[in-house]
>>> print(open('coords_10.txt').read())   # compact mmCIF, C-alpha atoms and all ligand atoms
# COMPACT_ATOMS: atom_id res chain seq x y z
CA MET A 115 0.00 0.00 0.00
CA THR A 116 1.26 3.48 -0.78
CA ASP A 117 0.84 5.66 2.27
CA LEU A 118 -0.99 8.79 1.13
CA PHE A 119 1.29 10.81 3.41
CA ASP A 120 4.48 9.76 1.56
CA LYS A 121 4.20 12.85 -0.64
CA HIS A 122 4.19 15.07 2.44
CA LYS A 123 7.53 13.84 3.82
CA PRO A 124 9.44 16.83 2.37
CA ILE A 125 7.03 19.13 4.23
CA ALA A 126 7.65 17.26 7.49
CA GLU A 127 11.44 17.50 6.99
CA ARG A 128 11.27 21.20 6.22
CA PHE A 129 9.11 21.75 9.29
CA GLU A 130 11.62 19.91 11.49
CA ARG A 131 14.42 22.14 10.18
CA MET A 132 12.34 25.20 11.04
CA MET A 133 11.54 23.96 14.55
CA ALA A 134 15.25 23.31 15.16
CA MET A 135 15.79 27.06 14.71
CA GLY A 136 13.06 28.24 17.09
CA VAL A 137 9.29 28.20 17.01
CA ASN A 138 6.73 27.42 14.32
CA ALA A 139 6.96 30.56 12.20
CA VAL A 140 3.93 29.58 10.14
CA GLY A 141 1.67 28.73 13.05
CA ILE A 142 2.48 31.21 15.78
CA THR A 143 -0.20 31.56 18.45
CA ASN A 144 -1.49 34.85 19.83
CA ASP A 145 -2.34 34.06 23.45
CA LYS A 146 -4.16 37.33 24.03
CA LEU A 147 -4.91 40.35 21.87
CA LEU A 148 -4.24 43.63 23.66
CA SER A 149 -5.19 46.03 20.84
CA PRO A 150 -5.21 46.03 17.00
CA THR A 151 -1.41 46.39 17.10
CA ARG A 152 -0.34 44.44 20.20
CA ALA A 153 -0.65 40.86 21.45
CA LEU A 154 0.80 38.56 24.04
CA ILE A 155 2.86 35.96 22.22
CA GLN A 156 4.79 33.40 24.27
CA GLY A 157 4.18 35.53 27.36
CA ARG A 158 5.74 38.64 25.78
CA GLU A 159 3.99 41.84 24.72
CA THR A 160 4.59 42.00 20.99
CA ILE A 161 4.04 44.66 18.32
CA LEU A 162 1.95 43.17 15.51
CA ALA A 163 3.41 44.26 12.19
CA GLY A 164 2.04 41.48 10.01
CA THR A 165 -1.73 41.27 10.43
CA ASN A 166 -3.35 42.97 7.38
CA ASN A 167 -5.39 44.92 9.95
CA TYR A 168 -4.96 47.95 7.71
CA MET A 169 -7.59 50.18 9.29
CA GLY A 170 -7.06 48.95 12.85
CA ILE A 171 -10.78 48.41 13.11
CA THR A 172 -10.85 45.11 15.05
CA PHE A 173 -11.35 46.69 18.50
CA GLU A 174 -13.67 49.51 17.44
CA LYS A 175 -16.30 49.88 20.14
CA GLY A 176 -19.28 50.46 17.84
CA VAL A 177 -18.27 47.54 15.62
CA ILE A 178 -17.98 45.18 18.59
CA GLU A 179 -21.34 46.34 19.95
CA ALA A 180 -22.98 45.61 16.59
CA GLY A 181 -21.57 42.08 16.68
CA LYS A 182 -22.76 41.46 20.24
CA LYS A 183 -26.25 42.73 19.43
CA ALA A 184 -26.50 40.43 16.40
CA LEU A 185 -25.36 37.49 18.49
CA ASP A 186 -28.08 38.24 21.03
CA GLU A 187 -30.82 38.82 18.49
CA PHE A 188 -30.00 36.33 15.72
CA GLY A 189 -27.98 33.60 17.43
CA THR A 190 -24.61 32.04 16.77
CA GLY A 191 -24.90 30.83 13.20
CA THR A 192 -27.21 30.67 10.18
CA THR A 193 -26.92 26.87 9.80
CA GLY A 194 -27.44 27.05 6.08
CA SER A 195 -26.30 28.37 2.73
CA ARG A 196 -27.49 31.58 1.10
CA ILE A 197 -29.75 29.69 -1.31
CA ALA A 198 -31.42 27.69 1.46
CA ASN A 199 -32.11 29.12 4.94
CA GLY A 200 -28.90 31.16 5.30
CA SER A 201 -29.96 34.54 3.87
CA TYR A 202 -30.90 36.99 6.60
CA ALA A 203 -31.97 40.58 6.09
CA MET A 204 -28.53 41.62 7.32
CA HIS A 205 -26.75 39.73 4.50
CA LYS A 206 -28.82 41.76 2.04
CA GLN A 207 -28.13 44.93 4.02
CA LEU A 208 -24.36 44.32 3.85
CA GLU A 209 -24.62 43.77 0.10
CA ALA A 210 -26.54 47.03 -0.27
CA GLU A 211 -24.05 48.96 1.94
CA LEU A 212 -21.14 47.63 -0.09
CA ALA A 213 -22.80 48.33 -3.44
CA THR A 214 -23.29 51.94 -2.30
CA PHE A 215 -19.74 52.23 -0.96
CA LEU A 216 -18.36 50.81 -4.21
CA GLY A 217 -20.70 52.75 -6.49
CA ARG A 218 -21.79 49.47 -8.11
CA LYS A 219 -25.23 48.17 -9.04
CA HIS A 220 -24.73 44.69 -7.61
CA CYS A 221 -22.82 43.04 -4.82
CA ILE A 222 -22.76 39.46 -3.54
CA VAL A 223 -21.29 38.54 -0.16
CA PHE A 224 -19.36 35.31 0.44
CA THR A 225 -18.27 33.54 3.61
CA THR A 226 -14.56 34.22 2.94
CA GLY A 227 -12.49 36.19 0.45
CA TYR A 228 -11.01 32.93 -0.78
CA GLN A 229 -14.52 31.78 -1.68
CA ALA A 230 -15.27 35.14 -3.31
CA ASN A 231 -12.50 34.53 -5.85
CA LEU A 232 -13.42 30.87 -6.23
CA GLY A 233 -17.06 31.81 -6.78
CA MET A 234 -16.63 34.84 -9.02
CA ILE A 235 -14.01 33.31 -11.33
CA SER A 236 -15.75 29.93 -11.64
CA GLY A 237 -19.11 31.67 -12.02
CA LEU A 238 -17.92 34.01 -14.75
CA ALA A 239 -15.72 31.60 -16.69
CA GLY A 240 -16.66 28.13 -17.91
CA PRO A 241 -14.90 25.38 -19.88
CA ARG A 242 -15.27 27.25 -23.20
CA ASP A 243 -13.68 30.43 -21.84
CA THR A 244 -10.09 31.56 -21.23
CA VAL A 245 -8.85 33.15 -18.01
CA TYR A 246 -5.66 35.24 -18.16
CA LEU A 247 -3.85 35.35 -14.83
CA ASP A 248 -0.91 37.41 -13.65
CA ALA A 249 1.81 34.92 -12.68
CA ASP A 250 1.89 36.31 -9.12
CA SER A 251 -1.85 35.85 -8.55
CA HIS A 252 -3.09 34.75 -5.14
CA SER A 253 -3.87 31.03 -4.76
CA SER A 254 -7.60 31.73 -4.52
CA ILE A 255 -7.45 33.16 -8.05
CA TYR A 256 -5.62 30.12 -9.41
CA ASP A 257 -8.03 27.82 -7.57
CA GLY A 258 -11.03 29.72 -8.93
CA CYS A 259 -9.65 29.18 -12.41
CA THR A 260 -9.15 25.45 -11.79
CA LEU A 261 -12.71 25.15 -10.49
CA SER A 262 -14.06 26.96 -13.56
CA GLY A 263 -12.62 24.41 -16.00
CA ALA A 264 -11.60 27.36 -18.20
CA LYS A 265 -8.37 27.43 -20.17
CA LEU A 266 -5.71 29.16 -18.03
CA VAL A 267 -3.16 31.48 -19.65
CA ARG A 268 -0.51 32.99 -17.37
CA PHE A 269 1.24 36.23 -18.23
CA ARG A 270 4.37 37.76 -16.69
CA HIS A 271 3.76 39.71 -13.50
CA ASN A 272 2.53 43.26 -14.15
CA ASP A 273 3.57 42.97 -17.82
CA ALA A 274 0.83 44.32 -20.10
CA ALA A 275 2.97 43.75 -23.22
CA ASP A 276 3.19 40.04 -22.33
CA LEU A 277 -0.58 39.86 -21.83
CA ASP A 278 -1.05 41.60 -25.19
CA LYS A 279 1.09 38.93 -26.87
CA ARG A 280 -0.79 36.08 -25.21
CA LEU A 281 -4.19 37.56 -26.03
CA SER A 282 -3.13 37.89 -29.68
CA ARG A 283 -1.97 34.26 -29.76
CA SER A 284 -5.29 33.00 -28.42
CA GLU A 285 -7.44 35.18 -30.64
CA ASP A 286 -9.14 32.18 -32.25
CA ASN A 287 -10.18 30.62 -28.93
CA GLU A 288 -13.91 30.27 -28.69
CA GLY A 289 -15.71 31.65 -25.63
CA GLY A 290 -15.16 34.71 -23.47
CA LYS A 291 -11.96 36.16 -22.04
CA LEU A 292 -11.52 37.12 -18.40
CA VAL A 293 -8.39 38.97 -17.25
CA VAL A 294 -7.73 38.93 -13.50
CA LEU A 295 -5.47 41.45 -11.72
CA GLU A 296 -4.86 42.44 -8.11
CA GLY A 297 -4.95 45.96 -6.73
CA ILE A 298 -2.00 45.44 -4.39
CA TYR A 299 -0.08 42.17 -4.66
CA SER A 300 -0.02 40.53 -1.26
CA MET A 301 3.61 39.46 -1.09
CA LEU A 302 5.59 42.37 -2.57
CA GLY A 303 3.08 45.20 -2.08
CA ASP A 304 3.24 46.42 -5.67
CA ARG A 305 0.20 47.66 -7.59
CA ALA A 306 -0.99 46.42 -11.00
CA PRO A 307 -0.23 49.02 -13.71
CA LEU A 308 -3.95 49.21 -14.36
CA ARG A 309 -3.87 51.83 -17.12
CA ASP A 310 -1.55 49.69 -19.27
CA PHE A 311 -3.84 46.68 -18.92
CA VAL A 312 -7.03 48.65 -19.52
CA ALA A 313 -5.48 50.01 -22.73
CA LEU A 314 -5.70 46.45 -24.14
CA LYS A 315 -9.46 46.13 -23.64
CA GLU A 316 -10.41 47.90 -26.86
CA LYS A 317 -8.14 45.70 -28.96
CA HIS A 318 -8.83 42.33 -27.34
CA LYS A 319 -12.38 42.66 -26.00
CA PHE A 320 -11.97 41.00 -22.62
CA GLN A 321 -13.74 41.46 -19.32
CA LEU A 322 -11.65 42.56 -16.37
CA LEU A 323 -11.83 41.47 -12.73
CA VAL A 324 -9.74 43.25 -10.10
CA ASP A 325 -9.14 41.58 -6.76
CA GLU A 326 -8.89 44.54 -4.38
CA ALA A 327 -8.27 42.32 -1.30
CA HIS A 328 -5.34 44.45 -0.07
CA SER A 329 -6.44 47.74 -1.61
CA PHE A 330 -10.15 47.90 -0.67
CA GLY A 331 -10.56 50.52 2.06
CA VAL A 332 -6.94 51.51 1.49
CA LEU A 333 -6.45 53.15 -1.94
CA GLY A 334 -8.32 55.80 -3.86
CA PRO A 335 -10.21 58.97 -3.01
CA HIS A 336 -13.22 56.88 -1.90
CA GLY A 337 -11.18 54.00 -0.46
CA ARG A 338 -12.53 51.61 -3.08
CA GLY A 339 -9.16 50.33 -4.22
CA LEU A 340 -6.68 50.60 -7.08
CA ALA A 341 -9.31 51.21 -9.79
CA ASP A 342 -10.58 54.13 -7.69
CA GLU A 343 -7.03 55.47 -7.23
CA ALA A 344 -6.34 55.17 -10.96
CA GLY A 345 -9.70 56.69 -11.98
CA LEU A 346 -10.52 53.53 -13.95
CA GLU A 347 -13.47 52.02 -12.10
CA ALA A 348 -15.66 52.02 -15.21
CA GLU A 349 -13.10 49.75 -16.90
CA ALA A 350 -13.02 47.18 -14.09
CA ASP A 351 -16.05 45.04 -14.92
CA PHE A 352 -15.91 43.11 -11.66
CA VAL A 353 -14.35 43.75 -8.26
CA VAL A 354 -13.56 41.19 -5.59
CA GLY A 355 -12.66 42.02 -2.01
CA THR A 356 -12.30 40.54 1.42
CA PHE A 357 -13.45 41.51 4.91
CA SER A 358 -10.40 39.90 6.53
CA LYS A 359 -8.16 42.94 6.04
CA SER A 360 -9.42 46.55 6.13
CA ILE A 361 -12.85 45.45 7.42
CA GLY A 362 -11.29 43.48 10.29
CA SER A 363 -13.82 40.66 10.15
CA ILE A 364 -14.18 37.66 7.83
CA GLY A 365 -15.91 37.21 4.49
CA GLY A 366 -15.64 38.50 0.95
CA PHE A 367 -17.58 40.10 -1.87
CA GLY A 368 -17.91 40.29 -5.61
CA ALA A 369 -19.43 43.36 -7.25
CA GLY A 370 -20.26 44.63 -10.72
CA ASP A 371 -22.78 46.38 -12.94
CA HIS A 372 -23.62 43.66 -15.47
CA PRO A 373 -27.41 43.33 -15.93
CA LEU A 374 -27.19 39.55 -15.37
CA PHE A 375 -24.88 39.82 -12.34
CA GLU A 376 -27.51 38.38 -9.97
CA THR A 377 -27.62 35.12 -11.96
CA LEU A 378 -24.18 34.37 -10.52
CA ARG A 379 -25.91 33.49 -7.23
CA TYR A 380 -27.21 30.35 -8.97
CA ALA A 381 -24.01 29.55 -10.82
CA MET A 382 -21.31 29.79 -8.14
CA ARG A 383 -20.69 26.57 -6.22
CA PRO A 384 -18.60 28.30 -3.47
CA TYR A 385 -21.61 30.54 -2.81
CA MET A 386 -24.31 27.89 -3.08
CA PHE A 387 -22.77 24.96 -1.26
CA THR A 388 -21.44 26.44 1.96
CA ALA A 389 -23.01 28.04 5.01
CA SER A 390 -23.46 31.80 5.01
CA SER A 391 -21.56 34.04 7.41
CA SER A 392 -22.72 34.19 11.02
CA PRO A 393 -24.93 37.10 12.15
CA ALA A 394 -22.17 38.55 14.38
CA THR A 395 -19.71 38.50 11.48
CA ILE A 396 -22.13 40.17 9.08
CA ALA A 397 -23.12 42.80 11.65
CA THR A 398 -19.49 43.69 12.39
CA SER A 399 -18.79 43.89 8.65
CA ILE A 400 -21.70 46.31 8.14
CA ALA A 401 -20.50 48.49 11.02
CA ALA A 402 -16.94 48.40 9.68
CA VAL A 403 -17.97 49.43 6.14
CA LYS A 404 -19.88 52.36 7.66
CA THR A 405 -16.81 53.27 9.73
CA LEU A 406 -14.61 53.25 6.61
CA ALA A 407 -17.07 55.50 4.80
CA ARG A 408 -17.38 57.85 7.79
CA GLU A 409 -13.71 58.09 8.70
CA PRO A 410 -11.54 58.64 5.60
CA GLU A 411 -8.83 59.96 7.93
CA ARG A 412 -7.97 56.33 8.68
CA ARG A 413 -6.66 56.05 5.12
CA ASP A 414 -4.48 59.12 5.65
CA ALA A 415 -3.09 57.66 8.88
CA LEU A 416 -2.34 54.38 7.08
CA ARG A 417 -0.55 56.23 4.28
CA ARG A 418 1.55 58.22 6.77
CA ASN A 419 2.45 55.08 8.74
CA SER A 420 3.31 53.16 5.56
CA GLU A 421 5.62 55.99 4.44
CA ARG A 422 7.28 56.08 7.86
CA LEU A 423 8.08 52.36 7.81
CA PHE A 424 9.05 52.34 4.14
CA ASN A 425 11.44 55.29 4.55
CA GLY A 426 12.88 53.79 7.74
CA PHE A 427 13.67 50.55 5.91
CA ARG A 428 15.03 52.40 2.90
CA ASN A 429 17.42 54.32 5.20
CA LEU A 430 18.65 50.96 6.51
CA GLY A 431 19.49 49.99 2.91
CA PHE A 432 17.06 47.07 2.67
CA GLU A 433 16.05 45.65 -0.67
CA MET A 434 12.26 45.79 -0.63
CA GLY A 435 9.49 44.09 -2.55
CA CYS A 436 8.78 47.17 -4.62
CA GLU A 437 9.60 50.84 -4.87
CA GLU A 438 6.05 52.14 -4.35
CA VAL A 439 4.73 52.79 -0.88
CA SER A 440 1.81 50.60 0.14
CA PRO A 441 0.85 49.07 3.50
CA VAL A 442 2.53 45.82 2.42
CA ILE A 443 6.27 46.30 2.95
CA ALA A 444 8.41 43.23 2.32
CA VAL A 445 12.14 42.96 2.98
CA LYS A 446 13.99 40.57 0.69
CA CYS A 447 16.32 38.13 2.48
CA LYS A 448 19.19 35.93 1.33
CA ASP A 449 17.92 32.41 1.94
CA GLU A 450 15.50 30.31 3.94
CA PRO A 451 17.68 29.52 7.00
CA SER A 452 18.74 33.15 7.53
CA THR A 453 15.14 34.35 7.05
CA ILE A 454 13.88 31.90 9.68
CA MET A 455 16.66 32.92 12.05
CA MET A 456 15.93 36.62 11.64
CA TRP A 457 12.18 36.04 12.00
CA ASN A 458 12.82 34.32 15.36
CA ALA A 459 15.13 37.11 16.48
CA LEU A 460 12.50 39.74 15.58
CA LEU A 461 9.90 37.83 17.60
CA ASN A 462 12.25 37.52 20.56
CA ALA A 463 12.73 41.29 20.38
CA GLY A 464 8.95 41.82 20.51
CA VAL A 465 8.09 42.33 16.83
CA TYR A 466 5.84 39.99 14.86
CA VAL A 467 5.99 40.07 11.04
CA ASN A 468 5.01 37.49 8.45
CA ILE A 469 7.57 35.08 7.10
CA ALA A 470 7.00 34.31 3.43
CA LEU A 471 8.91 31.47 1.79
CA PRO A 472 8.78 29.58 -1.51
CA PRO A 473 6.59 28.21 -3.02
CA GLY A 474 4.24 30.86 -1.58
CA THR A 475 6.32 33.74 -2.95
CA PRO A 476 7.08 35.13 -6.41
CA ASN A 477 10.46 34.15 -7.90
CA ARG A 478 11.17 31.86 -4.92
CA LEU A 479 11.94 34.90 -2.76
CA CYS A 480 12.40 34.68 1.01
CA LEU A 481 10.66 37.63 2.64
CA LEU A 482 10.06 39.26 5.99
CA ARG A 483 6.71 40.79 5.18
CA CYS A 484 5.28 43.65 7.20
CA SER A 485 1.80 45.04 6.94
CA VAL A 486 1.13 48.47 8.38
CA SER A 487 -1.99 49.56 10.25
CA ALA A 488 -3.62 52.96 10.62
CA ALA A 489 -3.67 52.11 14.33
CA HIS A 490 0.13 51.86 14.68
CA SER A 491 1.58 54.71 16.70
CA ASP A 492 4.72 56.50 15.51
CA ALA A 493 6.51 54.92 18.47
CA GLU A 494 5.45 51.43 17.36
CA ILE A 495 6.63 51.99 13.78
CA ASP A 496 9.93 53.41 15.09
CA LYS A 497 10.36 50.39 17.35
CA VAL A 498 9.85 48.05 14.36
CA ILE A 499 12.51 50.00 12.43
CA GLU A 500 14.87 49.90 15.44
CA VAL A 501 14.49 46.14 15.87
CA PHE A 502 14.95 45.52 12.12
CA ALA A 503 18.10 47.70 12.28
CA LYS A 504 19.57 45.40 14.94
CA VAL A 505 18.35 42.03 13.71
CA VAL A 506 18.28 42.37 9.92
CA ALA A 507 20.80 45.15 9.21
CA GLY A 508 23.09 44.06 12.07
CA ARG A 509 23.50 47.61 13.40
N1 LIG B 1 -7.13 37.61 -2.52
C1 LIG B 1 -5.94 38.02 -2.09
C2 LIG B 1 -5.08 38.82 -3.02
C3 LIG B 1 -5.49 37.71 -0.79
O1 LIG B 1 -4.29 38.11 -0.38
C4 LIG B 1 -6.33 36.96 0.05
C5 LIG B 1 -5.96 36.60 1.47
N2 LIG B 1 -4.69 36.77 1.86
C6 LIG B 1 -7.57 36.53 -0.43
C7 LIG B 1 -7.95 36.89 -1.71
C8 LIG B 1 -8.49 35.68 0.40
O2 LIG B 1 -9.09 36.39 1.41
P1 LIG B 1 -9.66 35.73 2.76
O3 LIG B 1 -8.58 35.80 3.78
O4 LIG B 1 -10.83 36.58 3.10
O5 LIG B 1 -10.07 34.33 2.45
>>> encode(input="coords_10.txt", output="structure tokens", more="lines below")
Ligand code: PMP
Amino acid sequence: MTDLFDKHKPIAERFERMMAMGVNAVGITNDKLLSPTRALIQGRETILAGTNNYMGITFEKGVIEAGKKALDEFGTGTTGSRIANGSYAMHKQLEAELATFLGRKHCIVFTTGYQANLGMISGLAGPRDTVYLDADSHSSIYDGCTLSGAKLVRFRHNDAADLDKRLSRSEDNEGGKLVVLEGIYSMLGDRAPLRDFVALKEKHKFQLLVDEAHSFGVLGPHGRGLADEAGLEAEADFVVGTFSKSIGSIGGFGAGDHPLFETLRYAMRPYMFTASSSPATIATSIAAVKTLAREPERRDALRRNSERLFNGFRNLGFEMGCEEVSPVIAVKCKDEPSTIMMWNALLNAGVYVNIALPPGTPNRLCLLRCSVSAAHSDAEIDKVIEVFAKVVAGR
């Protein structure tokens, strides 16, 4: 008999090597959360600089109250999917709030952002269609494409000329064409050059989906994401987003203006065949969307904090994921063992960041990935820079 776990032996060996250097860097436990930016980890008060809690909304009093009230009034869970018993008035209300926030006609809410990509991509594209993916796309985008059964064509990261070439080559393919981009790429923090990609729409007649997971609430004059920042929302046919970052809850959405958009509810397996989000989760998401709309100054604080960390790292001479400032700030490291060692040393000095290793990274990079929050104080950002100076720059 072949043991089904044989294929996982390399993972077990890699894990053992990591544990020999310290703790489990990809499964660290927060014992207690003290604020959006601080936690007790292994008994030590730690600055959280790798949480995607961009707006620092997780401890907002009004948001927490909304969750508690929903728990009291609607119970712990919906015990069903959206197409059975799992649609409550509040799910519809969240969809309406988001549609208004986004300036879109339609919005559908999913239980996670991962499922939003799975659902939207597999709902839009079918076996006769072709999906064009940036090589650095998030796994949920690749998995959505696999689920769709569509033909997958990968193009070089952020390279519109390469996409142009590939679209020209597949001109005779039957079916529709869906191009998928991300607002801010989660590992390196760079933006898609949206204008260059949009310029190809006229020539190649494709529909465009932008995953604004890391840019929703963060970029643009209305906080709607990269398309908002670039003034190109009309060209982005579909938007996907998540509640697990700027919204500080869990869930995801897909939005658009297509007259048949609502039919997707009956064509997306990751929407139809899973339970809907719990009342407390939906209520906190609604309150958080309202907070984002009411308090644009959070975006300004996030931008200032991102610049502070970015400039601090630049002054230390680090090679970073990209040259644009975004709340995702990744420091490139030499190799896996040194990255794990430095990650442990950062944690021991009271700073938590994400460790990102191949195959989860572009170009097999080893990264210490920070994400900045509007809730970080100047002193917290400065402390992160100071600890990186000691541990990573050796100063
Ligand atoms: N898209 C991108 C680009 C992401 O980075 C993520 C999560 N890291 C997701 C989608 C999935 O979001 P969620 O955590 O809500 O499942």
>>> residues_around(input="coords_10.txt", residues="range 233-241 of chain A", least_positions_apart="5", cutoff="9 Å", atoms="only C-alpha atoms", output="ChimeraX atom specification")
/A:224,228,255,257-265,289-292,294,323,352,354,367-368,378-385
>>> residues_near_ligand(input="coords_10.txt", ligand="ligand LIG 1 (chain B)", cutoff="9 Å", atoms="all atoms listed in the file", output="VMD selection string")
chain A and resid 166 225 to 231 251 to 255 296 to 301 325 to 328 354 to 359 363 to 366
>>> closest_residue(input="coords_10.txt", among="A:Val353, A:Met456, A:Cys221, A:Ala444", to="Ala470 in chain A", atoms="only C-alpha atoms")
A:Ala444
>>> atom_distance(input="coords_10.txt", atom1="CA of Leu479 in chain A", atom2="CA of Leu162 in chain A")
22.4 Å
>>> residues_around(input="coords_10.txt", residues="Asp342 in chain A", least_positions_apart="6", cutoff="12 Å", atoms="all atoms listed in the file", output="list in words")
Phe215, Leu216, Gly217, Gly297, Leu308, Arg309, Val324, Glu326, Ser329, Phe330, Gly331, Val332, Leu333, Gly334, Pro335, His336, Ala348, Glu349, Ala350 and Val353 of chain A
>>> atom_distance(input="coords_10.txt", atom1="CA of Asn167 in chain A", atom2="CA of Ala488 in chain A")
8.3 Å
>>> residues_around(input="coords_10.txt", residues="Phe188 in chain A", least_positions_apart="5", cutoff="10 Å", atoms="only C-alpha atoms", output="list of chain:residue names")
A:Lys182, A:Lys183, A:Tyr202, A:Ser392, A:Pro393, A:Ala394
>>> residues_around(input="coords_10.txt", residues="Leu247 in chain A", least_positions_apart="2", cutoff="7 Å", atoms="all atoms listed in the file", output="ChimeraX atom specification")
/A:245,249,251,267-269,293-294
>>> write_last_selection(input="coords_10.txt", atoms="C-alpha atoms", output="PDB file, in the frame of the given file")
ATOM      1  CA  VAL A 245      -8.850  33.150 -18.010  1.00  0.00           C
ATOM      2  CA  ALA A 249       1.810  34.920 -12.680  1.00  0.00           C
ATOM      3  CA  SER A 251      -1.850  35.850  -8.550  1.00  0.00           C
ATOM      4  CA  VAL A 267      -3.160  31.480 -19.650  1.00  0.00           C
ATOM      5  CA  ARG A 268      -0.510  32.990 -17.370  1.00  0.00           C
ATOM      6  CA  PHE A 269       1.240  36.230 -18.230  1.00  0.00           C
ATOM      7  CA  VAL A 293      -8.390  38.970 -17.250  1.00  0.00           C
ATOM      8  CA  VAL A 294      -7.730  38.930 -13.500  1.00  0.00           C
TER       9      VAL A 294
END
>>> atom_distance(input="coords_10.txt", atom1="CA of Gly141 in chain A", atom2="CA of Ser390 in chain A")
26.6 Å
>>> axis_aligned_box(input="coords_10.txt", around="range 343-361 of chain A", padding_each_side="6 Å", output="JSON")
{"center_x": -11.2, "center_y": 48.3, "center_z": -4.7, "size_x": 21.7, "size_y": 28.8, "size_z": 36.3}
>>> residues_around(input="coords_10.txt", residues="Met455 in chain A", least_positions_apart="2", cutoff="12 Å", atoms="all atoms listed in the file", output="short mmCIF file (atom, residue, chain, number, x, y, z; two decimals) with C-alpha atoms, in the coordinates of the input")
data_model
loop_
_atom_site.label_atom_id
_atom_site.label_comp_id
_atom_site.auth_asym_id
_atom_site.auth_seq_id
_atom_site.Cartn_x
_atom_site.Cartn_y
_atom_site.Cartn_z
CA ARG A 131 14.42 22.14 10.18
CA MET A 132 12.34 25.20 11.04
CA MET A 133 11.54 23.96 14.55
CA ALA A 134 15.25 23.31 15.16
CA MET A 135 15.79 27.06 14.71
CA GLY A 136 13.06 28.24 17.09
CA VAL A 137 9.29 28.20 17.01
CA ASN A 138 6.73 27.42 14.32
CA ALA A 139 6.96 30.56 12.20
CA CYS A 447 16.32 38.13 2.48
CA LYS A 448 19.19 35.93 1.33
CA ASP A 449 17.92 32.41 1.94
CA GLU A 450 15.50 30.31 3.94
CA PRO A 451 17.68 29.52 7.00
CA SER A 452 18.74 33.15 7.53
CA THR A 453 15.14 34.35 7.05
CA TRP A 457 12.18 36.04 12.00
CA ASN A 458 12.82 34.32 15.36
CA ALA A 459 15.13 37.11 16.48
CA LEU A 460 12.50 39.74 15.58
CA LEU A 461 9.90 37.83 17.60
CA ASN A 462 12.25 37.52 20.56
CA ILE A 469 7.57 35.08 7.10
CA CYS A 480 12.40 34.68 1.01
CA LEU A 482 10.06 39.26 5.99
CA VAL A 505 18.35 42.03 13.71
CA VAL A 506 18.28 42.37 9.92
#
>>> closest_residue(input="coords_10.txt", among="A:Ala344, A:Arg270, A:Gly426, A:Ile142", to="Pro476 in chain A", atoms="all atoms listed in the file")
A:Arg270
